[in-house]
Amino acid sequence: MASHSVLRTAYLVSFSVLLTVVLGFGLPALLNAAMAVLGLPETSVTECIVVMYLVFVLYVALPRIPRGLVEVKGKAVFITGCDSGFGNALAKHMHKMGFTVFAGCLLKDKGGNGAKELEEFHSDRMKVVQLDVCSEEQVNQAVEYIKDNLEDSERGLWAVVNNAGMSTFGEVEFTSIDTYKQVSEVNLWGVIRVTKAVLPLIRRAKGRIVNMSSMYGI
């Protein structure tokens, strides 16, 4: 234990010395070389520190530069819980971006308004599927439908968004065990059930799994 502490201390001291040398000599030399290339006068250590500080401030203050644009052509996403709220809005947004959207709706077979709204797009890229995440059968049927309707099944599914969820309110004493079980069946086991079912398609596309949460989680 003592030897480990000594090594750690020696490492920190060495790193501090190296950092001091780099900032004290290396950075000014690098900036002066850059100034020479640009035909500008050489700078002092103080000016180098000021420049470095300004770069740091700009890095913190300015919005992050996007790492790149995603090519949406041919990419498909599967979103659960699209009857209303975030799921419904996300399905519309991703369709607008150019993705093929498989929108899972709990109330599709019952003529739910959210499902009807999405079906009214009359688009080949907006596909509404009946989905109760608590039903193994419906999840498997939805995945088979996705496989059959992907533009290229070999490319797989670019993303799944586990958005379906439910919440309930009430004092612990007055909330039934059945209610707790229903919440966990949707919010926990539903996520696991859907993810396991689509995982082979996600792997093919080297895609991503997005799990939505609620502000109540705070």
# chains A, B, ... in the order shown; residues from 1 in each chain; ligands from 1
$ residues_around --residues "Phe86 (chain A)" --least-positions-apart "4" --cutoff "8 Å" --atoms "only C-alpha atoms" --output "PyMOL selection string"
chain A and resi 82+90+163
$ closest_atom_pairs --of "region 58-171 of chain A" --to "region 182-200 of chain A" --cutoff "8 Å" --atoms "only C-alpha atoms" --output "Markdown table"
| residue | atom | partner | partner_atom | distance |
| --- | --- | --- | --- | --- |
| A:Val133 | CA | A:Gly190 | CA | 4.8 |
| A:Cys134 | CA | A:Gly190 | CA | 5.5 |
| A:Glu136 | CA | A:Arg193 | CA | 7.3 |
| A:Val139 | CA | A:Val194 | CA | 6.4 |
| A:Asn140 | CA | A:Ala197 | CA | 6.8 |
| A:Val143 | CA | A:Val198 | CA | 6.5 |
| A:Gly156 | CA | A:Pro200 | CA | 7.9 |
| A:Leu157 | CA | A:Val198 | CA | 7.9 |
| A:Val160 | CA | A:Thr195 | CA | 7.6 |
| A:Asn162 | CA | A:Val191 | CA | 5.9 |
| A:Ala164 | CA | A:Asn187 | CA | 7.2 |
| A:Gly165 | CA | A:Asn187 | CA | 5.1 |
| A:Met166 | CA | A:Val183 | CA | 6.1 |
| A:Ser167 | CA | A:Val183 | CA | 6.6 |
| A:Thr168 | CA | A:Val183 | CA | 7.7 |
$ closest_residue --among "A:Lys73, A:Lys147, A:Lys108, A:Arg155" --to "Arg204 (chain A)" --atoms "only C-alpha atoms"
A:Arg155
$ select_by_dssp --residues "region 25-213 of chain A" --states "alpha helix (DSSP H)" --output "PyMOL selection string"
chain A and resi 27-38+45-61+85-97+113-119+136-149+177-184+190-205
$ atom_distance --atom1 "CA of Thr80 (chain A)" --atom2 "CA of Ala103 (chain A)"
6.3 Å
$ atom_distance --atom1 "CA of Asp83 (chain A)" --atom2 "CA of Gly104 (chain A)"
7.9 Å
$ select_by_dssp --residues "region 96-204 of chain A" --states "strand (DSSP E)" --output "ChimeraX atom specification"
/A:100-105,126-130,159-162
$ write_last_selection --atoms "N, CA and C atoms" --output "PDB file, in the first residue's frame"
ATOM      1  N   THR A 100     -37.237   6.003 -41.941  1.00  0.00           N
ATOM      2  CA  THR A 100     -38.392   5.129 -41.957  1.00  0.00           C
ATOM      3  C   THR A 100     -38.736   4.851 -40.506  1.00  0.00           C
ATOM      4  N   VAL A 101     -39.988   5.100 -40.132  1.00  0.00           N
ATOM      5  CA  VAL A 101     -40.402   4.999 -38.733  1.00  0.00           C
ATOM      6  C   VAL A 101     -41.398   3.863 -38.554  1.00  0.00           C
ATOM      7  N   PHE A 102     -41.075   2.968 -37.638  1.00  0.00           N
ATOM      8  CA  PHE A 102     -42.015   1.946 -37.196  1.00  0.00           C
ATOM      9  C   PHE A 102     -42.549   2.417 -35.850  1.00  0.00           C
ATOM     10  N   ALA A 103     -43.793   2.891 -35.850  1.00  0.00           N
ATOM     11  CA  ALA A 103     -44.378   3.498 -34.660  1.00  0.00           C
ATOM     12  C   ALA A 103     -45.270   2.491 -33.950  1.00  0.00           C
ATOM     13  N   GLY A 104     -44.843   2.051 -32.766  1.00  0.00           N
ATOM     14  CA  GLY A 104     -45.630   1.102 -31.990  1.00  0.00           C
ATOM     15  C   GLY A 104     -46.691   1.822 -31.183  1.00  0.00           C
ATOM     16  N   CYS A 105     -47.956   1.429 -31.391  1.00  0.00           N
ATOM     17  CA  CYS A 105     -49.079   2.070 -30.696  1.00  0.00           C
ATOM     18  C   CYS A 105     -49.908   1.023 -29.960  1.00  0.00           C
ATOM     19  N   MET A 126     -43.764   5.802 -42.874  1.00  0.00           N
ATOM     20  CA  MET A 126     -44.439   5.838 -41.577  1.00  0.00           C
ATOM     21  C   MET A 126     -45.308   4.597 -41.459  1.00  0.00           C
ATOM     22  N   LYS A 127     -44.838   3.651 -40.667  1.00  0.00           N
ATOM     23  CA  LYS A 127     -45.528   2.370 -40.544  1.00  0.00           C
ATOM     24  C   LYS A 127     -45.974   2.197 -39.086  1.00  0.00           C
ATOM     25  N   VAL A 128     -47.274   2.168 -38.891  1.00  0.00           N
ATOM     26  CA  VAL A 128     -47.843   2.065 -37.547  1.00  0.00           C
ATOM     27  C   VAL A 128     -48.135   0.597 -37.243  1.00  0.00           C
ATOM     28  N   VAL A 129     -47.652   0.129 -36.094  1.00  0.00           N
ATOM     29  CA  VAL A 129     -47.833  -1.269 -35.719  1.00  0.00           C
ATOM     30  C   VAL A 129     -48.497  -1.367 -34.350  1.00  0.00           C
ATOM     31  N   GLN A 130     -49.340  -2.366 -34.206  1.00  0.00           N
ATOM     32  CA  GLN A 130     -49.965  -2.632 -32.913  1.00  0.00           C
ATOM     33  C   GLN A 130     -48.890  -3.149 -31.958  1.00  0.00           C
ATOM     34  N   ALA A 159     -32.138   2.054 -35.056  1.00  0.00           N
ATOM     35  CA  ALA A 159     -32.361   2.444 -33.655  1.00  0.00           C
ATOM     36  C   ALA A 159     -33.697   1.921 -33.146  1.00  0.00           C
ATOM     37  N   VAL A 160     -33.726   1.669 -31.854  1.00  0.00           N
ATOM     38  CA  VAL A 160     -34.991   1.420 -31.162  1.00  0.00           C
ATOM     39  C   VAL A 160     -35.078   2.430 -30.023  1.00  0.00           C
ATOM     40  N   VAL A 161     -36.242   3.048 -29.887  1.00  0.00           N
ATOM     41  CA  VAL A 161     -36.464   4.012 -28.813  1.00  0.00           C
ATOM     42  C   VAL A 161     -37.524   3.428 -27.884  1.00  0.00           C
ATOM     43  N   ASN A 162     -37.096   3.007 -26.708  1.00  0.00           N
ATOM     44  CA  ASN A 162     -38.021   2.463 -25.716  1.00  0.00           C
ATOM     45  C   ASN A 162     -38.677   3.622 -24.980  1.00  0.00           C
TER      46      ASN A 162
END
$ atom_distance --atom1 "CA of Lys92 (chain A)" --atom2 "CA of Leu118 (chain A)"
7.5 Å
$ closest_residue --among "A:Asp178, A:Trp158, A:Leu69, A:Ala33" --to "Arg203 (chain A)" --atoms "only C-alpha atoms"
A:Trp158
$ closest_residue --among "A:Leu12, A:Val55, A:Ile146, A:Ile79" --to "Met212 (chain A)" --atoms "only C-alpha atoms"
A:Ile79
